[in-house]
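Below is the file structure-v2.txt, which contains compact mmCIF, C-alpha atoms.
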```txt
# COMPACT_ATOMS: atom_id res chain seq x y z
CA MET A 435 -75.34 -75.81 -46.20
CA LYS A 436 -78.23 -75.79 -43.73
CA LYS A 437 -78.22 -79.60 -43.63
CA LEU A 438 -74.49 -79.56 -42.75
CA ASN A 439 -75.07 -77.15 -39.90
CA ILE A 440 -77.89 -79.27 -38.55
CA LEU A 441 -75.64 -82.37 -38.73
CA ILE A 442 -72.82 -80.65 -36.78
CA VAL A 443 -75.22 -79.53 -34.07
CA LEU A 444 -76.60 -83.08 -33.74
CA LEU A 445 -73.09 -84.52 -33.45
CA ILE A 446 -72.18 -82.03 -30.72
CA LEU A 447 -75.37 -82.92 -28.81
CA VAL A 448 -74.63 -86.64 -29.09
CA ALA A 449 -71.03 -86.10 -27.89
CA ALA A 450 -72.24 -84.08 -24.97
CA VAL A 451 -74.76 -86.75 -23.98
CA MET A 452 -72.08 -89.43 -24.22
CA ILE A 453 -69.60 -87.48 -22.12
CA SER A 454 -72.25 -86.75 -19.49
CA ALA A 455 -73.10 -90.44 -19.38
CA LEU A 456 -69.48 -91.34 -18.56
CA GLY A 457 -68.56 -92.03 -14.96
CA SER A 458 -66.28 -89.87 -12.87
CA ASN A 459 -63.38 -92.35 -13.26
CA THR A 460 -63.59 -92.19 -17.00
CA MET A 461 -63.72 -88.40 -16.90
CA ARG A 462 -60.57 -88.28 -14.77
CA LYS A 463 -58.78 -90.61 -17.19
CA LEU A 464 -59.73 -88.39 -20.12
CA GLN A 465 -58.51 -85.30 -18.23
CA SER A 466 -55.29 -87.08 -17.27
CA GLY A 467 -54.64 -88.11 -20.86
CA PHE A 468 -55.33 -84.61 -22.11
CA LEU A 469 -52.99 -83.09 -19.55
CA GLY A 470 -50.35 -85.67 -20.46
CA LEU A 471 -50.54 -84.56 -24.04
CA ILE A 472 -50.14 -80.87 -23.33
CA SER A 473 -47.78 -81.08 -20.28
CA PRO A 474 -44.53 -80.90 -22.37
CA PHE A 475 -45.76 -77.65 -23.83
CA LEU A 476 -46.65 -76.34 -20.38
CA LYS A 477 -43.18 -77.27 -19.04
CA THR A 478 -41.44 -75.64 -22.00
CA GLY A 479 -43.40 -72.47 -21.52
CA SER A 480 -42.57 -72.43 -17.81
CA ALA A 481 -38.84 -72.93 -18.51
CA VAL A 482 -38.81 -70.11 -21.05
CA GLN A 483 -40.60 -67.87 -18.57
CA GLN A 484 -38.01 -68.73 -15.89
CA GLN A 485 -35.15 -67.99 -18.26
CA ILE A 486 -36.66 -64.66 -19.22
CA GLY A 487 -37.17 -63.87 -15.56
CA GLY A 488 -33.56 -64.80 -14.73
CA LEU A 489 -32.31 -62.68 -17.61
CA GLY A 490 -34.27 -59.75 -16.33
CA GLN A 491 -32.78 -60.18 -12.87
CA GLY A 492 -29.24 -60.23 -14.37
CA LEU A 493 -29.70 -56.91 -16.18
CA LYS A 494 -28.57 -53.71 -14.40
CA THR A 495 -30.57 -50.55 -14.17
CA LEU A 496 -29.48 -47.38 -15.94
CA ASP A 497 -28.55 -45.76 -12.61
CA GLN A 498 -26.36 -48.76 -11.72
CA LEU A 499 -24.61 -48.59 -15.10
CA GLU A 500 -24.01 -44.84 -14.73
CA GLU A 501 -22.61 -45.33 -11.23
CA GLU A 502 -20.29 -48.10 -12.44
CA ASN A 503 -19.13 -45.99 -15.39
CA SER A 504 -18.41 -43.05 -13.09
CA LYS A 505 -16.38 -45.30 -10.80
CA LEU A 506 -14.37 -46.72 -13.71
CA THR A 507 -13.73 -43.20 -15.05
CA THR A 508 -12.41 -42.08 -11.66
CA GLU A 509 -10.17 -45.15 -11.38
CA ASN A 510 -8.85 -44.51 -14.89
CA LYS A 511 -7.95 -40.90 -14.00
CA GLU A 512 -6.19 -42.08 -10.85
CA LEU A 513 -4.17 -44.61 -12.84
CA ARG A 514 -3.19 -41.99 -15.42
CA THR A 515 -2.11 -39.61 -12.65
CA THR A 516 -0.07 -42.34 -10.97
CA ASN A 517 1.61 -43.23 -14.28
CA GLN A 518 2.48 -39.58 -14.90
CA ILE A 519 3.97 -39.24 -11.41
CA LEU A 520 6.07 -42.35 -12.01
CA ARG A 521 7.26 -41.00 -15.36
CA ASP A 522 8.18 -37.67 -13.73
CA ILE A 523 10.10 -39.49 -10.99
CA GLU A 524 11.94 -41.56 -13.59
CA ALA A 525 12.83 -38.43 -15.59
CA GLU A 526 14.05 -36.68 -12.44
CA ASN A 527 16.15 -39.71 -11.50
CA ASN A 528 17.68 -39.77 -14.98
CA LYS A 529 18.55 -36.07 -14.71
CA LEU A 530 20.14 -36.53 -11.29
CA ARG A 531 22.05 -39.59 -12.49
CA ALA A 532 23.40 -37.67 -15.49
CA ALA A 533 24.37 -34.74 -13.26
CA LEU A 534 26.15 -37.03 -10.80
CA GLU A 535 28.06 -38.73 -13.60
CA TYR A 536 29.05 -35.33 -14.99
CA LYS A 537 30.28 -34.18 -11.59
CA GLN A 538 32.36 -37.33 -11.18
CA ARG A 539 34.05 -37.09 -14.58
CA SER A 540 34.38 -33.29 -14.66
CA VAL A 541 37.84 -31.72 -14.39
CA PHE A 542 36.30 -28.96 -12.23
CA ARG A 543 35.38 -28.82 -8.57
CA LEU A 544 31.64 -28.34 -8.68
CA ILE A 545 29.08 -27.27 -6.08
CA PRO A 546 25.53 -28.33 -6.95
CA ALA A 547 22.85 -25.64 -6.69
CA ARG A 548 19.21 -25.15 -7.54
CA ILE A 549 17.51 -22.17 -9.16
CA ILE A 550 15.01 -20.87 -6.61
CA SER A 551 13.61 -17.82 -8.39
CA ARG A 552 13.58 -16.00 -11.72
CA ASP A 553 11.78 -12.96 -13.04
CA ALA A 554 9.26 -14.26 -15.56
CA SER A 555 9.48 -11.09 -17.65
CA THR A 556 13.30 -11.06 -17.84
CA TRP A 557 14.26 -14.71 -17.43
CA TRP A 558 17.14 -14.30 -19.90
CA ASN A 559 18.91 -11.79 -17.58
CA THR A 560 19.39 -13.26 -14.09
CA VAL A 561 18.30 -16.06 -11.76
CA LYS A 562 18.81 -16.74 -8.05
CA ILE A 563 20.38 -19.95 -6.73
CA ASN A 564 20.29 -21.49 -3.24
CA ARG A 565 24.04 -21.33 -2.56
CA GLY A 566 26.14 -18.51 -1.10
CA PHE A 567 29.50 -17.72 0.48
CA GLU A 568 28.80 -20.16 3.32
CA ASP A 569 28.83 -22.89 0.65
CA GLY A 570 32.10 -21.69 -0.84
CA ILE A 571 30.57 -19.56 -3.62
CA ASP A 572 32.29 -16.36 -4.73
CA SER A 573 31.48 -13.77 -7.38
CA ASP A 574 32.56 -14.29 -11.01
CA GLN A 575 32.40 -18.07 -10.87
CA PRO A 576 31.05 -20.00 -13.88
CA VAL A 577 27.65 -21.66 -13.55
CA LEU A 578 26.83 -24.56 -15.86
CA THR A 579 25.02 -27.88 -16.33
CA ASP A 580 26.18 -31.13 -17.88
CA VAL A 581 24.90 -29.73 -21.20
CA GLY A 582 26.46 -26.27 -21.35
CA LEU A 583 27.08 -22.83 -19.85
CA VAL A 584 24.41 -21.05 -17.82
CA GLY A 585 26.24 -17.87 -16.77
CA LYS A 586 28.33 -16.57 -13.87
CA THR A 587 27.75 -15.55 -10.26
CA THR A 588 27.56 -11.83 -9.46
CA THR A 589 26.09 -10.80 -6.12
CA VAL A 590 26.79 -13.46 -3.48
CA GLY A 591 24.94 -13.63 -0.17
CA LYS A 592 25.17 -15.95 2.80
CA ASN A 593 22.99 -18.71 1.34
CA GLU A 594 21.87 -17.26 -1.99
CA SER A 595 23.54 -15.87 -5.10
CA ILE A 596 22.52 -14.00 -8.23
CA VAL A 597 23.59 -15.57 -11.53
CA LEU A 598 24.01 -13.37 -14.60
CA LEU A 599 22.87 -15.53 -17.52
CA VAL A 600 24.88 -15.99 -20.68
CA THR A 601 21.91 -14.60 -22.61
CA ASP A 602 22.19 -11.20 -20.88
CA GLU A 603 23.90 -8.44 -22.91
CA ASN A 604 26.22 -7.68 -19.97
CA CYS A 605 27.61 -11.23 -19.87
CA LYS A 606 30.65 -11.26 -22.17
CA VAL A 607 32.20 -14.61 -23.05
CA ALA A 608 35.28 -15.28 -25.15
CA ALA A 609 34.06 -17.88 -27.67
CA LYS A 610 35.34 -19.97 -30.55
CA ALA A 611 33.64 -21.70 -33.47
CA GLU A 612 33.85 -25.47 -33.88
CA GLY A 613 36.17 -26.66 -36.64
CA SER A 614 37.80 -23.28 -37.22
CA ARG A 615 40.20 -20.77 -35.69
CA GLU A 616 37.51 -18.14 -35.49
CA GLN A 617 37.12 -16.47 -32.11
CA GLY A 618 35.01 -13.60 -30.89
CA ILE A 619 33.03 -12.21 -27.97
CA LEU A 620 29.63 -13.73 -27.26
CA SER A 621 26.90 -11.86 -25.41
CA GLY A 622 23.15 -11.60 -25.18
CA GLN A 623 21.38 -8.92 -27.13
CA ARG A 624 18.68 -6.42 -26.33
CA ILE A 625 15.20 -7.87 -26.79
CA GLN A 626 14.15 -4.66 -28.58
CA THR A 627 16.86 -5.24 -31.19
CA SER A 628 16.58 -8.99 -31.83
CA GLY A 629 12.87 -9.45 -31.29
CA VAL A 630 13.60 -12.86 -29.74
CA ALA A 631 14.40 -13.27 -26.04
CA GLY A 632 17.40 -15.46 -25.25
CA GLU A 633 19.27 -15.27 -28.55
CA MET A 634 22.96 -14.31 -28.50
CA GLN A 635 25.40 -12.69 -30.90
CA LEU A 636 29.02 -13.54 -31.55
CA ASN A 637 30.91 -10.39 -32.59
CA PHE A 638 34.46 -9.57 -33.75
CA LEU A 639 34.76 -12.54 -36.08
CA SER A 640 36.64 -12.14 -39.33
CA LYS A 641 34.52 -10.97 -42.25
CA THR A 642 35.31 -14.24 -44.02
CA ALA A 643 34.37 -16.51 -41.10
CA ASP A 644 31.14 -17.62 -42.82
CA LEU A 645 29.84 -19.73 -39.89
CA GLN A 646 27.25 -22.29 -40.97
CA PRO A 647 23.88 -22.98 -39.28
CA GLY A 648 24.30 -25.68 -36.64
CA GLN A 649 28.03 -25.03 -36.14
CA LYS A 650 28.78 -25.32 -32.42
CA ILE A 651 30.16 -22.46 -30.35
CA TYR A 652 32.34 -23.11 -27.27
CA THR A 653 34.05 -21.01 -24.60
CA ALA A 654 37.55 -20.04 -25.70
CA GLY A 655 39.08 -19.98 -22.21
CA VAL A 656 41.31 -16.92 -22.62
CA SER A 657 43.97 -16.19 -20.01
CA GLY A 658 42.59 -14.33 -17.03
CA GLY A 659 39.02 -14.94 -18.12
CA VAL A 660 36.14 -16.20 -15.97
CA PHE A 661 35.14 -19.15 -18.12
CA PRO A 662 37.34 -22.19 -18.79
CA SER A 663 37.75 -23.51 -22.31
CA GLY A 664 35.51 -26.04 -24.02
CA ILE A 665 32.10 -25.37 -22.44
CA LEU A 666 29.31 -25.51 -25.02
CA LEU A 667 27.48 -22.22 -25.51
CA GLY A 668 25.14 -22.85 -28.42
CA THR A 669 24.91 -23.26 -32.18
CA ALA A 670 25.21 -20.73 -34.99
CA LYS A 671 21.96 -19.72 -36.69
CA SER A 672 23.24 -17.23 -39.27
CA PHE A 673 26.29 -15.19 -40.23
CA LYS A 674 26.76 -11.78 -41.80
CA ALA A 675 29.86 -9.79 -42.74
CA ARG A 676 29.88 -6.19 -41.53
CA ALA A 677 32.10 -3.25 -42.38
CA LEU A 678 34.80 -4.11 -39.84
CA ASP A 679 34.05 -7.66 -38.68
CA GLY A 680 31.73 -10.64 -38.97
CA GLN A 681 28.77 -11.37 -36.72
CA ALA A 682 26.94 -14.64 -36.06
CA LEU A 683 23.56 -15.09 -34.42
CA VAL A 684 23.76 -17.90 -31.87
CA GLU A 685 21.00 -20.02 -30.32
CA PRO A 686 21.76 -21.05 -26.70
CA VAL A 687 22.32 -24.75 -26.09
CA LEU A 688 20.09 -24.53 -22.99
CA ASP A 689 16.53 -23.38 -22.59
CA LEU A 690 17.35 -21.18 -19.62
CA SER A 691 13.68 -20.63 -18.84
CA SER A 692 13.35 -24.26 -17.74
CA VAL A 693 16.75 -25.06 -16.19
CA GLU A 694 16.41 -26.01 -12.51
CA ASP A 695 19.63 -27.68 -11.34
CA VAL A 696 23.10 -26.24 -11.96
CA PHE A 697 26.72 -26.47 -10.84
CA VAL A 698 28.97 -23.65 -9.71
CA VAL A 699 32.61 -24.07 -10.75
CA VAL A 700 34.78 -23.26 -7.71
CA GLY A 701 38.12 -24.42 -9.10
CA ALA A 702 39.96 -27.27 -10.74
CA LYS A 703 40.24 -30.75 -9.26
```

Any chance you could put this one into structure tokens?
Amino acid sequence: MKKLNILIVLLILVAAVMISALGSNTMRKLQSGFLGLISPFLKTGSAVQQQIGGLGQGLKTLDQLEEENSKLTTENKELRTTNQILRDIEAENNKLRAALEYKQRSVFRLIPARIISRDASTWWNTVKINRGFEDGIDSDQPVLTDVGLVGKTTTVGKNESIVLLVTDENCKVAAKAEGSREQGILSGQRIQTSGVAGEMQLNFLSKTADLQPGQKIYTAGVSGGVFPSGILLGTAKSFKARALDGQALVEPVLDLSSVEDVFVVVGAK
């Protein structure tokens, strides 16, 4: 082992002496050849370094990403709001179109009106509309929509009127049941009695009327009455026979808490 070490040392010394004995031209050639051998590896390393550097420059900071995300979130909310506004406009246009078509085909002379106020605690009693005697409105005139009956006018002012709703206990309507000869008097009922605001009761039916759930109830249009015949009032929910007559519980066809646009019937065409 010692002999091998001595031999390696001697070889290194001889190589060093030989290299030192070479001229400068020879040394440059050796350096050039050595660099030629390793230059591809140097170029590859430089290219990789450049790519890594370019990749680093293309990456965004966390603050930039948060700012971009916040901007996109805001734009998304704006788009959703715009879409909702467009849907609301479309729904309003559809309602107005349906109302216009109803007015054109109706057998009544109608004055359009808008509900301008209602008492939130007693919405099933009365509402106020933006039409009065200057618009041709009088008391005891039916108020309806293209869907069904709303009520009747009571107190009439110059440009405003109070409408007694069909769901109020003081609003009495002669009514008939679909598909039968049964007739009675429809009115609202006291909230303390029914437990449900807005429900109505149809009294003075025959004890054998036996109205079925979902059976439609219309105005009967009796002579001298306020309401013309054939206006939809609601649908039967239940029926019970009493000692002297039959009584049906009726669900209004309209959600009167959300109605906005109505017509006042001022006569026949």

Please report, as a Markdown table, each residue of range 493-558 of chain A lying at most 10 Å from range 600-613 of chain A, together with the nearest pair of atoms and the separation in Å rounded to one decimal; use all atoms listed in the file, and order rows by chain and ascending residue number.
```
| residue | atom | partner | partner_atom | distance |
| --- | --- | --- | --- | --- |
| A:Thr556 | CA | A:Asp602 | CA | 9.4 |
| A:Trp557 | CA | A:Thr601 | CA | 9.2 |
| A:Trp558 | CA | A:Thr601 | CA | 5.5 |
```

Generate a file of the selected residues that holds C-alpha atoms, formatted as a PDB file, keeping the file's coordinate frame.
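Dumped everything to selection_24.pdb:
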```
ATOM      1  CA  THR A 556      13.300 -11.060 -17.840  1.00  0.00           C
ATOM      2  CA  TRP A 557      14.260 -14.710 -17.430  1.00  0.00           C
ATOM      3  CA  TRP A 558      17.140 -14.300 -19.900  1.00  0.00           C
TER       4      TRP A 558
END
```

- [ ] Within 7 Å of Lys671 in chain A, counting all atoms listed in the file, which residues show up once you throw out same-chain ones fewer than 6 positions away? Write them as a count of residues only, please.
- [x] 5

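A straight line drawn from CA of Ser657 in chain A to CA of Asp574 in chain A is 14.7 Å long.
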
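Going from CA of Ser691 in chain A to CA of Glu616 in chain A covers 29.2 Å.
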
Open item on the list: Counting only C-alpha atoms, which residues have an atom no more than 12 Å from (11.1, -22.4, -1.8) in the file's coordinates? Please list them as a PyMOL selection string.
Closed with: chain A and resi 548-551+562-564+594

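For the atom pair formed by CA of Gly585 in chain A and CA of Arg521 in chain A, the distance is 30.0 Å, given to one decimal.
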
Open item on the list: Give me the residues near Val581 in chain A as an MDAnalysis selection string, where near means some atom within 12 Å (using all atoms listed in the file) and where sequence neighbours in that chain fewer than 4 positions away do not count.
Closed with: chainID A and resid 529 532:533 536:537 577 652 664:668 686:690 693 695:697

TODO: Using all atoms listed in the file, find the one residue out of A:Thr587, A:Asn559, A:Gln575, A:Gln649 that sits nearest to Leu599 in chain A.
DONE: A:Asn559

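Residues in contact with Ile571 in chain A at up to 10 Å, not including ones fewer than 5 positions away on its chain and judged by only C-alpha atoms, are Ile545, Arg565, Gly566, Thr587, Val590, Gly591, Lys592, Asn593, Glu594, Ser595, Val698, Val699 and Val700 of chain A.
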
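Of the residues listed (A:Ala670, A:Ile619, A:Ala677, A:Val597), A:Ala670 shows the shortest atom-to-atom separation from Glu633 in chain A; distances use all atoms listed in the file.
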